[in-house]
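This is work_27.txt (compact mmCIF, C-alpha atoms).
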```txt
# COMPACT_ATOMS: atom_id res chain seq x y z
CA MET J 8 12.85 -22.99 -26.23
CA ALA J 9 9.11 -22.35 -26.00
CA SER J 10 8.76 -24.96 -23.26
CA GLY J 11 11.57 -23.28 -21.31
CA PHE J 12 9.82 -19.91 -21.61
CA PHE J 13 6.53 -21.32 -20.30
CA ALA J 14 8.41 -23.08 -17.50
CA ILE J 15 9.83 -19.71 -16.43
CA LEU J 16 6.33 -18.19 -16.54
CA ASP J 17 5.06 -21.09 -14.43
CA ASP J 18 7.82 -20.50 -11.86
CA VAL J 19 7.04 -16.77 -11.77
CA ALA J 20 3.31 -17.50 -11.32
CA ALA J 21 4.08 -19.92 -8.48
CA LEU J 22 6.34 -17.34 -6.82
CA LEU J 23 3.68 -14.62 -7.13
CA ASP J 24 1.09 -16.99 -5.66
CA ASP J 25 3.39 -17.71 -2.70
CA VAL J 26 4.07 -14.01 -2.26
CA ALA J 27 0.35 -13.19 -2.30
CA THR J 28 -0.45 -15.91 0.25
CA MET J 29 2.41 -15.02 2.58
CA SER J 30 1.65 -11.29 2.22
CA LYS J 31 -1.82 -11.93 3.65
CA VAL J 32 -0.29 -13.80 6.60
CA ALA J 33 2.37 -11.13 7.24
CA THR J 34 -0.16 -8.28 6.93
CA LYS J 35 -2.44 -9.94 9.51
CA LYS J 36 0.47 -10.33 11.91
CA THR J 37 1.45 -6.67 11.52
CA ALA J 38 -2.14 -5.35 11.67
CA GLY J 39 -1.80 -4.46 15.34
CA ILE J 40 1.33 -2.39 14.73
CA LEU J 41 -0.30 -0.74 11.72
CA GLY J 42 -3.24 0.24 13.95
CA ASP J 43 -0.90 1.77 16.52
CA ASP J 44 1.13 3.41 13.73
CA LEU J 45 -2.09 4.93 12.39
CA ALA J 46 -3.12 6.27 15.80
CA VAL J 47 0.32 7.72 16.56
CA ASN J 48 0.73 9.40 13.18
CA ALA J 49 -2.83 10.76 13.09
CA GLU J 50 -2.07 12.47 16.41
CA LYS J 51 1.31 13.79 15.24
CA ALA J 52 0.02 15.02 11.88
CA SER J 53 -2.88 16.99 13.39
CA GLY J 54 -2.69 20.38 15.07
CA PHE J 55 -1.16 22.29 12.17
CA VAL J 56 -2.63 25.16 10.19
CA SER J 57 -5.06 23.64 7.70
CA SER J 58 -3.01 24.66 4.65
CA ARG J 59 0.13 23.04 6.10
CA GLU J 60 -1.31 19.64 7.13
CA ILE J 61 -0.79 17.91 3.77
CA PRO J 62 2.76 19.31 3.17
CA VAL J 63 3.76 18.24 6.69
CA LEU J 64 2.22 14.79 6.19
CA TRP J 65 4.02 14.45 2.84
CA ALA J 66 7.34 15.29 4.52
CA ILE J 67 6.69 12.62 7.18
CA THR J 68 5.71 10.12 4.46
CA LYS J 69 9.00 10.70 2.61
CA GLY J 70 10.87 10.22 5.89
CA SER J 71 8.96 6.97 6.45
CA LEU J 72 9.95 5.68 3.00
CA LEU J 73 13.58 6.53 3.73
CA ASN J 74 13.30 4.64 7.04
CA LYS J 75 12.10 1.54 5.16
CA ILE J 76 14.95 1.85 2.63
CA ILE J 77 17.44 1.83 5.52
CA ILE J 78 15.79 -0.96 7.53
CA LEU J 79 14.89 -3.47 4.79
CA PRO J 80 18.42 -4.34 3.51
CA ILE J 81 19.68 -4.81 7.09
CA ALA J 82 16.72 -7.09 7.88
CA PHE J 83 17.30 -9.20 4.73
CA LEU J 84 21.04 -9.53 5.47
CA LEU J 85 20.23 -10.75 8.98
CA SER J 86 17.69 -13.21 7.57
CA ALA J 87 20.24 -14.56 5.06
CA PHE J 88 23.25 -14.88 7.39
CA LEU J 89 21.99 -14.70 11.00
CA PRO J 90 18.33 -15.83 10.98
CA TRP J 91 18.34 -16.50 14.74
CA VAL J 92 18.99 -12.78 15.31
CA VAL J 93 15.62 -12.03 13.66
CA THR J 94 13.87 -14.14 16.32
CA VAL J 95 15.82 -12.41 19.10
CA ILE J 96 14.92 -8.95 17.71
CA LEU J 97 11.32 -10.13 17.29
CA ILE J 98 11.08 -11.11 20.97
CA LEU J 99 12.81 -7.89 22.12
CA GLY J 100 10.40 -5.95 19.92
CA GLY J 101 7.55 -7.86 21.56
CA VAL J 102 8.78 -6.73 24.98
CA TYR J 103 8.87 -3.14 23.75
CA LEU J 104 5.34 -3.41 22.31
CA ALA J 105 4.03 -4.97 25.54
CA PHE J 106 5.74 -2.22 27.56
CA GLU J 107 4.21 0.46 25.34
CA GLY J 108 0.72 -1.02 25.69
CA ALA J 109 1.04 -1.47 29.47
CA GLU J 110 2.36 2.08 29.86
CA LYS J 111 -0.68 3.50 28.06
CA ILE J 112 -3.04 1.52 30.33
CA TYR J 113 -1.08 2.60 33.42
CA GLU J 114 -1.21 6.27 32.42
CA PHE J 115 -4.95 6.01 31.80
CA PHE J 116 -5.84 4.49 35.20
CA VAL J 117 -3.13 5.95 37.46
CA PRO J 118 -3.19 9.72 38.04
CA HIS J 119 0.11 11.36 37.13
CA GLU J 120 1.45 14.81 36.49
CA HIS J 121 1.49 16.10 32.94
CA ALA J 122 4.08 18.49 31.62
CA SER J 123 2.74 21.99 31.48
CA ASN J 124 2.13 23.14 27.93
CA SER J 125 1.23 26.72 28.69
CA MET J 126 2.32 28.85 25.78
CA GLU J 127 1.83 32.53 25.22
CA THR J 128 -0.74 33.23 22.55
CA LYS J 129 1.16 35.22 20.01
CA THR J 130 1.29 35.56 16.28
CA MET J 131 4.14 33.40 15.02
CA THR J 132 6.31 34.45 12.13
CA LYS J 133 6.62 32.26 9.04
CA ALA J 134 10.15 31.26 10.08
CA GLU J 135 8.91 30.23 13.56
CA ILE J 136 6.06 28.17 12.07
CA LEU J 137 8.45 26.38 9.70
CA GLU J 138 10.88 25.69 12.56
CA MET J 139 8.07 24.23 14.68
CA GLU J 140 7.00 22.08 11.73
CA LYS J 141 10.56 20.79 11.25
CA THR J 142 10.74 19.80 14.92
CA LYS J 143 7.43 17.91 14.80
CA ILE J 144 8.35 16.26 11.49
CA LYS J 145 11.68 15.03 12.92
CA SER J 146 9.89 13.67 15.99
CA ALA J 147 7.31 11.88 13.82
CA ILE J 148 10.02 10.36 11.59
CA VAL J 149 11.97 9.06 14.62
CA THR J 150 8.77 7.46 15.97
CA ASP J 151 8.08 6.01 12.52
CA PHE J 152 11.60 4.52 12.45
CA ILE J 153 10.93 2.55 15.65
CA LEU J 154 7.52 1.39 14.43
CA SER J 155 8.99 0.51 11.02
CA ILE J 156 11.58 -1.78 12.65
CA GLU J 157 8.77 -3.55 14.49
CA ILE J 158 6.64 -3.89 11.33
CA VAL J 159 9.54 -5.21 9.22
CA ILE J 160 10.74 -7.68 11.85
CA ILE J 161 7.24 -9.03 12.56
CA ALA J 162 6.56 -9.41 8.82
CA LEU J 163 9.97 -11.08 8.38
CA GLY J 164 9.28 -13.39 11.31
CA ALA J 165 6.09 -14.55 9.58
CA VAL J 166 8.02 -15.67 6.46
CA ILE J 167 11.43 -16.53 7.96
CA GLN J 168 11.11 -20.17 6.79
CA GLU J 169 10.39 -19.14 3.19
CA PRO J 170 13.04 -18.68 0.43
CA LEU J 171 14.89 -15.36 0.55
CA VAL J 172 13.26 -14.13 -2.68
CA THR J 173 9.82 -14.66 -1.14
CA GLN J 174 10.93 -12.93 2.06
CA ILE J 175 12.14 -9.88 0.13
CA ALA J 176 8.95 -9.62 -1.93
CA VAL J 177 6.56 -10.13 1.01
CA VAL J 178 8.31 -7.89 3.54
CA SER J 179 8.87 -5.13 0.96
CA PHE J 180 5.15 -5.26 0.09
CA VAL J 181 4.13 -5.03 3.75
CA ALA J 182 6.59 -2.18 4.33
CA LEU J 183 5.21 -0.25 1.34
CA LEU J 184 1.64 -0.93 2.47
CA ALA J 185 2.55 0.31 5.95
CA THR J 186 3.66 3.64 4.48
CA VAL J 187 1.17 4.25 1.68
CA GLY J 188 -1.83 2.75 3.49
CA VAL J 189 -1.22 4.28 6.92
CA TYR J 190 -0.33 7.77 5.73
CA GLY J 191 -3.11 7.75 3.13
CA ILE J 192 -5.66 7.04 5.87
CA VAL J 193 -3.97 9.60 8.16
CA ALA J 194 -4.38 12.21 5.40
CA LEU J 195 -8.13 11.49 5.28
CA ILE J 196 -8.43 11.61 9.08
CA VAL J 197 -6.63 14.93 9.59
CA ARG J 198 -8.74 16.55 6.86
CA MET J 199 -12.05 15.50 8.46
CA ASP J 200 -12.46 18.80 10.29
CA GLU J 201 -11.59 20.80 7.15
CA PHE J 202 -14.18 18.84 5.16
CA GLY J 203 -16.72 19.42 7.94
CA THR J 204 -16.00 23.15 8.01
CA ARG J 205 -16.56 23.41 4.25
CA LEU J 206 -19.90 21.64 4.61
CA ILE J 207 -20.93 24.07 7.38
CA ASN J 208 -20.01 27.07 5.20
CA ILE J 209 -21.64 25.69 2.06
CA ASN J 210 -24.74 27.87 2.56
CA GLU J 211 -26.10 30.67 4.73
CA GLU J 212 -28.59 28.52 6.64
CA ASP J 213 -27.95 27.91 10.35
CA ASN J 214 -29.13 24.32 10.79
CA SER J 215 -29.21 22.71 7.37
CA ILE J 216 -28.34 19.07 6.62
CA SER J 217 -24.89 20.13 5.44
CA ASP J 218 -24.38 21.97 8.76
CA LYS J 219 -25.29 18.84 10.76
CA ILE J 220 -23.03 16.59 8.68
CA GLY J 221 -20.24 19.17 8.86
CA ARG J 222 -20.46 19.46 12.66
CA PHE J 223 -20.44 15.67 12.86
CA PHE J 224 -17.11 15.49 11.02
CA VAL J 225 -15.60 18.36 13.04
CA ASN J 226 -16.61 16.79 16.36
CA ALA J 227 -15.66 13.28 15.21
CA LEU J 228 -11.96 14.01 14.58
CA PRO J 229 -10.72 13.96 18.23
CA LYS J 230 -12.98 11.00 19.00
CA VAL J 231 -11.62 9.02 16.03
CA ILE J 232 -8.04 9.68 17.11
CA LYS J 233 -8.87 8.65 20.70
CA ALA J 234 -10.64 5.48 19.49
CA LEU J 235 -7.65 4.59 17.33
CA SER J 236 -5.41 5.02 20.36
CA VAL J 237 -7.55 2.59 22.42
CA ILE J 238 -7.72 0.05 19.60
CA GLY J 239 -3.99 0.44 19.00
CA THR J 240 -3.24 -0.24 22.69
CA ILE J 241 -5.27 -3.47 22.68
CA ALA J 242 -3.62 -4.47 19.41
CA LEU J 243 -0.14 -3.83 20.85
CA LEU J 244 -0.79 -6.30 23.70
CA LEU J 245 -2.30 -8.89 21.36
CA VAL J 246 0.59 -8.65 18.88
CA SER J 247 3.26 -8.78 21.60
CA GLY J 248 1.50 -11.68 23.33
CA GLY J 249 1.30 -13.50 20.00
CA ILE J 250 5.05 -13.04 19.52
CA PHE J 251 5.78 -14.63 22.92
CA VAL J 252 3.24 -17.45 22.53
CA HIS J 253 4.49 -18.46 19.07
CA ASN J 254 8.23 -18.07 19.70
CA ILE J 255 8.72 -19.14 23.34
CA ASP J 256 7.90 -22.76 24.07
CA PHE J 257 6.80 -22.10 27.67
CA PHE J 258 4.07 -19.66 26.60
CA HIS J 259 3.12 -21.81 23.61
CA HIS J 260 1.88 -24.60 25.88
CA LEU J 261 0.47 -22.31 28.57
CA LEU J 262 -3.26 -22.76 29.35
CA PRO J 263 -4.11 -24.93 26.30
CA ASN J 264 -7.84 -24.96 27.13
CA ILE J 265 -8.16 -21.16 27.07
CA PRO J 266 -8.87 -19.40 23.72
CA GLY J 267 -5.63 -18.28 22.09
CA ILE J 268 -6.60 -14.62 21.84
CA ILE J 269 -7.18 -14.41 25.61
CA VAL J 270 -3.86 -16.13 26.34
CA GLU J 271 -2.02 -13.79 23.96
CA PHE J 272 -3.61 -10.69 25.48
CA GLY J 273 -2.92 -11.91 29.02
CA VAL J 274 0.71 -12.79 28.27
CA GLY J 275 1.25 -9.43 26.55
CA LEU J 276 -0.31 -7.60 29.50
CA ILE J 277 1.76 -9.46 32.13
CA VAL J 278 5.06 -9.06 30.26
CA GLY J 279 4.22 -5.42 29.57
CA PHE J 280 3.61 -4.59 33.23
CA LEU J 281 6.73 -6.49 34.29
CA ALA J 282 8.75 -4.46 31.77
CA LEU J 283 7.07 -1.26 33.00
CA LEU J 284 7.85 -2.16 36.62
CA ILE J 285 11.54 -2.77 35.80
CA PHE J 286 11.72 0.44 33.74
CA ASN J 287 10.17 2.57 36.50
CA GLY J 288 12.42 0.93 39.11
CA VAL J 289 15.59 1.64 37.10
CA LYS J 290 14.41 5.19 36.37
CA ALA J 291 13.70 5.83 40.07
CA LEU J 292 17.15 4.46 40.97
CA PHE J 293 18.90 6.83 38.57
CA ILE J 294 16.79 9.80 39.69
CA LYS J 295 17.85 9.18 43.35
CA LYS J 296 21.49 9.16 42.29
```

Could you quickly redo this structure as structure tokens?
Amino acid sequence: MASGFFAILDDVAALLDDVATMSKVATKKTAGILGDDLAVNAEKASGFVSSREIPVLWAITKGSLLNKIIILPIAFLLSAFLPWVVTVILILGGVYLAFEGAEKIYEFFVPHEHASNSMETKTMTKAEILEMEKTKIKSAIVTDFILSIEIVIIALGAVIQEPLVTQIAVVSFVALLATVGVYGIVALIVRMDEFGTRLININEEDNSISDKIGRFFVNALPKVIKALSVIGTIALLLVSGGIFVHNIDFFHHLLPNIPGIIVEFGVGLIVGFLALLIFNGVKALFIKK
């Protein structure tokens, strides 16, 4: 009986070791999406009244957890009964990621009209503020749902050859990390300006050390969000290119003498701009009609 007990412990230890190893692999593969997720949510969670930033972020976090609860069982059922569908979804997700990255580059370099956001400066009532918050929270949760599908499928694709128990443990860990880690960092980012303001107001002096540090944090917030957006765009193309290179035989053997990271970025960029070209063509066709 004792030997059976220790055998079970040995099996559990082996499983945990496999889960830890595969979790590292899956987390690396989803790092690009996590970077983009961080940039998107930092942008969506900022712009509120200081006292409402954390409650709004908490509401989005709860929505993100609910998204994972919905997505994970469906992903595991597909993995158990239709594993080839996971690869198909992975490649389609790669096209979407490449499109998203290419679209951001296109919008940066090509001048285009922006929607006018002119709003009358007026004092909003509490009901109006709460309604605006609800709208932004819903928008953020919908965006999180799309990103969560991508994160779960990419993580699942990294462990698709492993036993189902390992898949469940690894992908669930990555999904939880995506929520707790991303939104924890977002909370720190959106409070940078508040922290800076408190440092500025810590004393009556005009140019003290606390004032300089405080102004640094206040001025750094928009730059950090912009930097995250740039890094996220590059990561989107690398992740999408990696999906194509590792799952489509033609790309896998393309340019074998070129470093893999360059091939992956190039493939992601080309597929992204092709997808953008098709999307804009179809959109123009429907607009003419």

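One distance worth recording is that between atom CA of Val166 of chain J and atom CA of Lys75 of chain J, which is 17.7 Å.
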
_Report, in Å to a single decimal, how far apart atom CA of Gly70 of chain J and atom CA of Ser247 of chain J are._
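About the pair atom CA of Ser247 of chain J and atom CA of Gly70 of chain J: they are 25.8 Å apart.
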
_Given only C-alpha atoms as the counted atoms, nearest of J:Ala165, J:Ile67, J:Glu107, J:Thr150 to Ser236 of chain J_ =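 Between J:Ala165, J:Ile67, J:Glu107, J:Thr150, the residue approaching Ser236 of chain J most closely is J:Glu107.
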
*atom CA of Ile196 of chain J and atom CA of Ile156 of chain J, how far apart in Å?*
24.3 Å

*Selection near Glu201 of chain J, 10 Å with all atoms listed in the file, sequence-local residues under 4 positions removed, as a list in words*: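 The residues satisfying every condition are Ser57, Ser58, Ile196, Val197, Arg205, Leu206, Ile207, Gly221, Phe224 and Val225 of chain J.
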
Please produce a file of the residues just selected, as a compact mmCIF listing (two decimals), keeping the file's coordinate frame, where the atoms kept are C-alpha atoms.
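That gives us out.txt:
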```txt
# COMPACT_ATOMS: atom_id res chain seq x y z
CA SER J 57 -5.06 23.64 7.70
CA SER J 58 -3.01 24.66 4.65
CA ILE J 196 -8.43 11.61 9.08
CA VAL J 197 -6.63 14.93 9.59
CA ARG J 205 -16.56 23.41 4.25
CA LEU J 206 -19.90 21.64 4.61
CA ILE J 207 -20.93 24.07 7.38
CA GLY J 221 -20.24 19.17 8.86
CA PHE J 224 -17.11 15.49 11.02
CA VAL J 225 -15.60 18.36 13.04
```

_Who sits within 7 Å of Ile250 of chain J, only C-alpha atoms, same chain under 4 positions skipped, as a ChimeraX atom specification_ = /J:98,101,246,254
